[in-house]
Each structure stands twice: as C-alpha cells, then as structure tokens.
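Below: the structure, in structure tokens.
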Amino acid sequence: MNKTVFDQMNETVYHEQLENGLNVYILPKAGFNKTYVTFTTNYGSIDNDFIPQGENEFIHVPDGIAHFLEHKMFEKEHGDVFQEFSSQGASANAFTSFTRTAYLFSATSNIKENTETLLNFVQAPYFTEQTVEKEKGIIGQEIRMYDDNPDWRVYFGLIENLYKQHPVKIDIAGTVESIADITKDHLYTCYETFYHPGNMSLFIVGPVDPDDMMELVRRNQASKEFPEPFPVERRFPDEPSEAAEKHRSLHMSVNTSKCEVGLKMPVSDKTGTEKLKEELAAGLLLEILFGKSAKFYEKSYNEGLIDDTFGFDYTGERGVSFAIVGGDTDEPEKLSERIKAQLMESKEGQHITEESFSRARKKKIGALLRAFNSPEFIANQFTRYQFNGLNLFETVPVLEAMKMEDVISFARTMIQEEGFSSCFILPKESA
Amino acid sequence: MEASQEQSFNQPGCTVHVIETEKYKTNTVIVKMRSRLDRETVTMRALLPHVLQSGTENAPSATAFRTALDELYGAHFFVDSAKKGDDHVLTFTIEVANEKYLHGASDLFDQALNVMSDVLFRPYLKEAVFPDSTVKQEKRSLQQRIRSIYDDKTRYASVKLVEEMYKEDPYALPAGGLLEQVEPISPQSLYHYYKKTLAEDTIDIFVIGNVDPQNAAAKIESYFPFEKRSKSLKPKNTSVQVEDIRVIHEKQDLNQGKLNIGCRTSIRYADPQFAALQVFNGVFGGFAHSKLFMNVREKESLAYYAASRLDSHKGFLMMLAGIDQKNYDKTVKIMKEQLNEVKEGNISDLEMDQTKALLKNQLKESADTARGMVELKYHNIAAGVDRPIDELIQAIDAVTKEETAAAAKTVVVDTVYFLSGKEEQG
C-alpha cells in the first residue's frame with residue numbers, strides 16, 4: 001500500500017493496485033460522520049464500438065446500453081440490492097456519464113458490510129429477458145422526463161450540433177427506440193468487457209482506518225476469480241474539426257427562450273501535468289471572459305440580455321473537448337453573436353489581462369478548497385482524473401504555478417471559427 | 001456521532017450560533033431573517049436580497065461586488081428566499097477559504113464578515129434609496145425567474161398543487177414572489193420595506209468553521225449592529241378539515257404526465273409524534289425500499305420517480321410520480337392503496353428497520369456539511385423546540401409499527417393534481 005501526503009491540502013491518500021488489476025484508493029477524513037465509497041468502471045455512453053472480451057472483431061451496441069446496464073446491476077435473483085443497502089443504513093445510487101459508470105453508497109454505520117455489498121453486487125451480474133423488458137418501461141419514463149426538460153434538450157441539442165460522428169452526441173440514456181433493441185446478451189457482453197477489475201477503481205473517503213479497509217478489499221477480491229487483466233480495444237469514428245451543424249432551434253412548451261453557444265476544440269495528445277494545465281486553462285479562460293465580474297457579464301446583464309442563469313462549462317473527455325456558454329435570454333440571436341465575438345476577440349489576445357487572470361485564478365483556488373469539503377466531489381473527481389492519467393490533488397499547486405501566457409496560448413490555439421455552433425429553445429406558439 | 005462544539009449567544013436584535021469544527025477547509029457565515037409569509041410583502045421580500053447583493057458602499061455595483069468576492073479567493077456568496085411553514089425566510093451565505101491552505105492570504109474570515117455586514121447594513125444608495133437602475137434590473141431578473149418556473153415541469157406541478165390546495169392560506173404564496181406584484185415595486189417602497197424588515201425580523205446568525213466561539217460572537221456583535229426588537233416569531237399552527245378530494249387536470253404539450261397528490265396531516269415538527277410521522281413517510285415514499293417506489297416503479301414499471309415528500313412545518317405531504325397519461329387512474333389507485341396499507345399497519349419488520357436506519361443515516365450525514373448543520377438547527381429554531389439530533393435519533397429508534405400506522409391515519413388526501421402530456425404516448 002502506497003501512502004501519498006498532500007501537505008498543502010492536508011490530505012493523505014493510500015493506494016494499491018490489486019493482483020486482479022483493481023485500483024483501490026483510501027482517503028481518511030477525520031471528523032466526518034459519513035463514509036462515501038464509489039466503485040467506478042472506465043466505461044460510459046461513448047464506448048459503443050469495441051472488441052468484446054475474448055473475441056477479435058469489433059461490435060457496435062445499441063445507444064443507451066451503458067446506462068441500461070447501470071440500472072440492471074441493482075436487480076438480483078433474490079431481489080433488489082437497494083433493500084440490502086437500506087437494511088445496512090446506507091443510501092446507494094449510481095450514475096452514467098460519457099466515460100464512466102459509477103456505483104456508490106454513503107453511510108454512517110456498517111461501513112465494512114456496505115463496502116462488501118457494493119463490491120459483490122457490481123461483480124455479480126444477473127440479467128434475464130424478463131427483467132430487461134421490465135426495465136424498458138422505467139427507463140422509458142426517465143427518457144420522457146428528460147425530453148420535457150429544456151436545459152437537457154438544449155445541452156444535447158448543442159452537442160449533436162458540434163459532433164458529426166463521435167458517440168458523445170448520443171443521449172446517455174439512449175432513446176425509447178434504441179433501448180427497445182437491448183437484450184440480456186448485449187448486457188453480458190458489455191459487462192464482461194468493461195467490468196473487469198483492471199478497468200475499475202474503488203475510492204473510499206471517510207472516517208476509516210486505511211489498513212483495515214484495504215485488507216477487507218484485498219480479501220474480498222482474492223476470493224473471486226477473474227480472467228487475466230486485458231486492455232479494452234475501443235474504436236471511435238474520425239471526427240472533423242468543424243462543427244457538424246452551425247445551428248438548430250427547438251420549440252418547446254416554455255415561457256423563456258434559451259441560448260447556448262458551443263465551441264468544439266481540437267483534442268491534444270498531452271498527458272499528466274500538461275493535460276491538467278490545459279484543462280485548467282480552459283476553465284480560467286471561460287471565467288475571465290464570462291464570469292460574474294467580467295465586463296461581458298456586467299454589460300449584458302445591465303442591458304437585460306442575460307440573467308443569473310447565465311453560465312459556462314468545459315468538457316474534456318476521451319476524444320472530445322468542448323466549451324458551452326449561455327443561459328436564458330429574450331434575444332438568443334444577439335446573445336449568441338456576442339458570445340462568439342467575445343471568444344474570437346480573446347483568440348486575438350483581448351480581454352486576458354494580468355488582473356483578470358489573477359482574479360480568476362484566486363476564484364478557482366477558493367472554489368477547489370470549498371469542493372474539498374465534499375467527500376462526493378473528492379471521490380468522483382479523483383476517479384475521473386485518475387482515468388485520464390491526472391491527479392486531483394495537484395490542481396491547487398498547478399493552478400498556483402500557472403501564468404497568464406498559458407491562458408493566452410490556449411485561446412490562440414484552441415479557438416477556431418469553424419468550431420462554433422448554437423442551439424436555441426424557443427417557446428412554442430399557442431402550445 | 002462526531003461532536004462539534006456549539007454555543008449560542010443572545011445579542012441585541014439577533015441570536016448568534018457558533019459551531020466550532022476543524023473538518024472544513026473553509027469558514028461559513030449564514031444569516032437567516034424570518035417573518036410571516038404575507039401577500040402584501042412576499043414579492044418585495046423575494047426581490048430584496050437580490051438588490052442588496054447588487055452593490056454596497058464599498059463595492060457600488062454588482063460587478064464591483066463580484067470582483068471583491070473573487071479577490072477574496074472566490075468567496076462564495078449567495079442569497080435564498082424560502083418558505084418554512086407559514087414563515088418566509090431570507091438566507092444570506094458567505095463561505096470563504098481558510099487561509100491556512102493558501103500561500104500569501106490572511107484575514108479572510110474578517111473580510112468575509114465585512115462583506116456580509118456591507119450587504120446588510122451599507123447598501124449602495126442614490127438619493128437615500130436603492131438606485132433606480134438596480135431595482136429595474138433586479139425586477140426584470142425576478143420576473144424572469146418567476147416565469148421560468150413554468151419551464152421546469154416537475155417543479156411547476158409541485159408549485160401548482162400547493163397553490164391550488166392552499167387557496168385561502170398564505171402557504172400558497174411562492175417564496176420567489178408573485179409575477180403581477182413585481183412591476184409596481186419602486187426604489188422607495190423597497191427601501192422602506194428593507195428598513196422595516198431589518199428592524200423587525202427574527203434574525204439568527206450562524207458561524208461554522210475553525211473559529212473561537214467567544215471571539216467569533218464578539219466579532220459578529222461589532223459587524224452586525226442590529227437594533228433590539230421586542231418580540232421574536234412563534235410558530236403558527238393552523239389546521240384545516242378536508243371535506244372532498246379536489247381533482248385538477250391541466251394539459252400542456254408534454255411527453256410525460258406529472259402526477260402530484262397533496263395530503264394534510266395534523267402532526268407538526270414540534271409534536272411528540274413527529275418521529276412517527278417521519279418513519280411513516282420513510283416506509284411510504286421517502287426511499288428506494290419504500291412502498292411507492294416498490295409498487296409504482298419496480299412492480300408495475302409505471303414511473304421513473306415515485307416518492308413522497310414531507311413539509312413538517314406545515315403538515316403538508318406530497319406524493320409524486322412522472323407517468324404516461326393513460327396510466328393515470330391505475331397510478332392514483334396504487335398510491336391510495338399503498339397509503340391505506342400503512343394506515344392499516346401492514347408494515348414489515350424489514351421496512352421498519354430499513355426506514356429507521358436510513359432516517360438516522362440522513363440526519364448524521366446532514367451534520368457533515370456546514371449548511372446541513374445549520375438547517376438541522378434551524379428546524380428547531382423555527383418550530384420553537386429544543387430537540388438535539390441525538391434525541392431525535394433516539395425517538396426514531398423507539399417508534400413502533402402501531403405509532404407509524406397512527407401517524408399515517410392523520411394523513412388525508414386533499415387534492416389530486418395532474419399535468420398531462422400527449423395522448424398518443426405509450
């Protein structure tokens with residue numbers, strides 16, 4: 001077991017990679033009541049074209065399958081795993097993102113029993129035709145719920161505009177039609193390929209004894225049989241650098257229009273600290289250009305063009321890198337043009353000053369410290385960073401060492417006119 | 001449970017609560033101002049905090065204010081307007097980094113107190129009232145916020161149910177204000193309301209972090225010179241007899257129907273039966289092992305979400321599910337049947353154990369965040385009881401099936417609200 005102390009953050013992380021390939025991380029948090037544990041596979045909605053474990057040919061699986069699999073893991077021959085967690089006083093959940101599927105619980109008692117339950121249920125798939133069919137009704141309602149949600153529609157509408165081929169454009173839950181094709185055999189194929197311990201991480205954060213917990217995990221894993229760890233071969237289609245569609249408008253039963261502008265950016269081959277710097281530069285750039293203390297925000301707010309729903313976000317995952325900026329507005333066209341202009345001007349070196357840079361950096365550092373109060377943030381983000389070859393605990397020192405030039409050079413190389421697209425939600429006439 | 005040191009101080013015009021703990025990398029100050037929900041003032045009250053955070057004497061515009069926060073290592077400042085039973089609570093929060101984790105920062109906690117004090121006591125004024133331009137902008141933002149409730153259909157359905165069910169009761173008022181009342185507000189009327197609310201509200205200030213309680217309380221006293229006030233707000237318990245169940249259908253162009261059923265109970269937060277009511281809600285619809293989730297979702301595949309929620313300060317319970325329109329009758333029937341199951345005491349030992357374990361877990365987990373600790377404490381303050389978490393946990397442990405069924409029997413269905421989607425979905 002390796003121990004790494006992050007002095008500045010006053011945190012210690014224990015790590016061990018087990019023989020079966022599983023990475024286990026433990027971060028003791030004194031003073032907390034709650035222990036939070038995530039068991040995550042490096043497998044999400046975009047991993048839909050791959051060579052199944054033990055075979056030689058690529059296969060393509062139905063949209064929404066990673067999320068469907070997440071739902072079905074909870075059902076076992078003897079019933080629902082939620083019941084077991086409830087009996088042990090744990091609150092359990094799961095989520096699927098573009099690149100990860102995470103199973104988790106939080107509890108203030110029976111931490112060892114709950115950790116065993118988590119490991120055991122994720123490592124014992126049980127799918128039948130009957131239970132798969134039943135789940136289609138439930139997930140169908142989940143999809144319809146999102147279909148009525150304008151924030152979700154504008155977000156996925158925009159990603160669909162940005163990407164021509166890449167599976168990031170597919171809604172994580174799929175569609176009612178695509179999940180209709182899912183069978184139990186699909187689920188087993190995906191499970192055998194992506195749920196090998198070598199493709200997974202366990203993260204434990206809370207008031208725990210690291211030696212005890214590591215021994216528990218070691219013993220649990222040693223009692224199970226797995227094939228040798230193997231690298232998973234995924235395939236992604238070639239993606240052009242320009243946005244697939246420049247614009248789309250969706251009409252919904254809403255009072256307020258929404259405008260989101262997307263910027264598709266080149267995917268660099270950087271790794272480690274350099275990659276982390278790049279991701280941080282993206283965040284700093286957006287904060288400098290669009291944050292609440294930026295001139296852009298003041299001007300647009302005072303003119304009534306935006307309100308406090310205005311925001312921005314950067315996503316960097318396997319094979320994708322994009323920024324999204326926007327919010328509610330009465331004049332989507334005007335807001336969209338102004339956001340693009342602001343980004344293009346920053347490419348030419350405008351707006352990024354020592355003053356705005358240092359302020360954005362301070363804000364980011366403060367936000368990170370706040371986030372480190374949260375066991376959920378630590379476990380989920382640490383795992384995301386680890387799957388991308390980065391270290392979450394390096395973020396504060398790396399930020400402290402960053403220079404304005406890093407942001408200027410990011411803007412110059414990553415912002416391309418051809419990468420822009422916009423998506424609007426507009427009120428339906430006489431709904 | 002991890003004990004955190006907590007002390008309260010009665011100071012002029014407010015009560016100060018200091019929770020000393022080393023577990024966070026930030027320090028937090030939360031100011032809560034409480035008065036009765038009132039149709040006359042609800043919209044001004046919703047607007048006020050947004051105007052206050054739009055400029056102070058030291059930072060005379062929203063941008064100057066936000067810049068000052070960024071310079072304070074991104075101090076997180078936010079305002080909220082919410083209902084607590086029949087009361088309307090404004091919350092001002094500032095969370096600032098503890099400088100011991102940073103290079104070259106100092107005095108951040110004092111500076112944060114100063115920012116909060118500026119917002120409450122030294123707003124930027126023009127001609128002795130709030131600037132006209134600020135009030136206009138914030139009125140526009142407020143109108144936009146109120147209008148956008150319509151766009152989030154799950155939320156809209158809950159808001160509509162409450163509006164319909166509490167027609168003659170101030171509880172129907174949305175804490176975010178009423179659209180038609182926004183326009184007439186003037187800088188003068190808002191400023192008068194500000195002065196009045198500052199002088200009369202019941203105020204609680206919470207400090208959470210690595211601070212010395214005596215020292216923090218002394219600082220609060222010097223930064224927050226509230227005037228003494230004659231009385232503090234006591235809980236008001238009104239109860240209503242339900243006669244017939246009202247049924248309301250609304251149609252919009254939607255994919256999914258939103259079913260929300262409102263119920264009343266006579267049990268309130270301060271009552272001795274509160275623990276039993278909580279256990280009832282857990283058995284019935286609070287969790288993934290609850291009867292609503294198991295029967296509406298897992299057995300019948302009718303919904304993705306199927307749950308119940310409780311506002312124990314009002315005695316209001318809501319069941320909710322997102323369903324296809326054609327399954328309306330079936331879902332309502334199952335929900336009512338499940339309520340009757342609990343009333344008749346058809347509760348397994350397992351359901352009792354699971355519910356108690358999760359309720360206790362929720363309480364302990366809440367105490368892990370600064371905001372959670374404040375909310376737990378504020379429940380007691382607003383309800384006028386002094387029931388420490390440990391005591392509530394013991395009370396939950398002691399609840400029997402009979403008491404759970406008895407609590408369920410106080411729950412009466414009042415209004416069924418259904419926002420329906422398209423016909424052809426299946």
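Starting from 1 in every chain, residues are counted up; chains themselves are A, B, ... following the order of the structure tokens, and ligands are numbered from 1 as listed.
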
- Define the interface residues of chain A facing chain B as those within 7 Å, counting only C-alpha atoms, and report them as a VMD selection string. chain A and resid 8 to 9 31 to 34 82 to 83 86 to 91 107 to 108 134 137 to 139 141 to 142 144 to 145 147 to 149 253 to 256 292 to 293 298 302 307 359 to 360 362 to 367 369 to 370 373 431

- Message: I want to know what sits within 7 Å of region 328-338 of chain A, based on only C-alpha atoms, with residues of the same chain fewer than 5 positions away left out; could you give that as a count of residues only?
- Response: 12

- Query: Which residues, written as number ranges by chain, have at least one atom at most 12 Å from Cys423 (chain A), with only C-alpha atoms counted and residues fewer than 2 positions away on the same chain left out?
  - Reply: A: 150-162, 245-251, 257-263, 324-328, 332-333, 335-336, 420-421, 425-426

- In region 203-392 of chain B, what's strand (DSSP E) per DSSP? Answer as a count of residues only? 35

- Message: Env of region 233-236 of chain B: 7 Å cut, atoms = only C-alpha atoms, seq-sep filter 4 positions within chain, self excluded. Answer as number ranges by chain.
- Response: B: 35, 86, 202, 382-384

- Message: Nearest residue to Ser223 (chain A) out of A:Leu104, A:Glu242, A:Thr383, A:Gln123, using only C-alpha atoms?
- Response: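 Closest candidate: A:Gln123.
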
- Contacts of Gly176 (chain B) at 9 Å (only C-alpha atoms; same-chain gap of 3+ positions) as a ChimeraX atom specification: /B:42-43,45-47,80-82,142,145-146,173

- Message: Quick one: residues within 10 Å of region 389-403 of chain A, only C-alpha atoms, excluding same-chain residues fewer than 6 positions away - as JSON, numbers by chain?
- Response: {"A": [5, 6, 7, 8, 9, 11, 12, 13, 271, 272, 273, 274, 275, 276, 277, 280, 281, 284, 354, 357, 358, 361, 362, 364, 365, 366, 368, 369, 372, 378, 379, 381, 382, 383], "B": [101, 102, 103]}

- Item | Those of region 26-189 of chain A in DSSP helix (DSSP H, G or I), formatted as number ranges by chain | A: 65-73, 81-87, 111-122, 129-147, 150-162, 167-169, 176-180, 184-189

- Message: Using only C-alpha atoms, can you tell me which of B:Asn380, B:Asn210, B:Ser266, B:Ser186 comes closest to Pro131 (chain B)?
- Response: B:Ser186

- Message: Please determine, counting only C-alpha atoms, which residue among B:Ile220, B:Val412, B:Leu178, B:Val159 has the shortest atom-to-atom distance to Ser117 (chain B).
- Response: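 Selected residue with least distance to Ser117 (chain B): B:Ile220.
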
- Query: In Å, with one decimal, what is the gap from CA of Val416 (chain B) to CA of Arg246 (chain B)?
  - Reply: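 Straight-line distance from CA of Val416 (chain B) to CA of Arg246 (chain B) works out to 6.2 Å.
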
- From the list A:Glu129, A:Tyr14, A:Asn2, A:Ile143, which residue is nearest His67 (chain A) when using only C-alpha atoms?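 Closest to His67 (chain A) of all the choices is A:Ile143.
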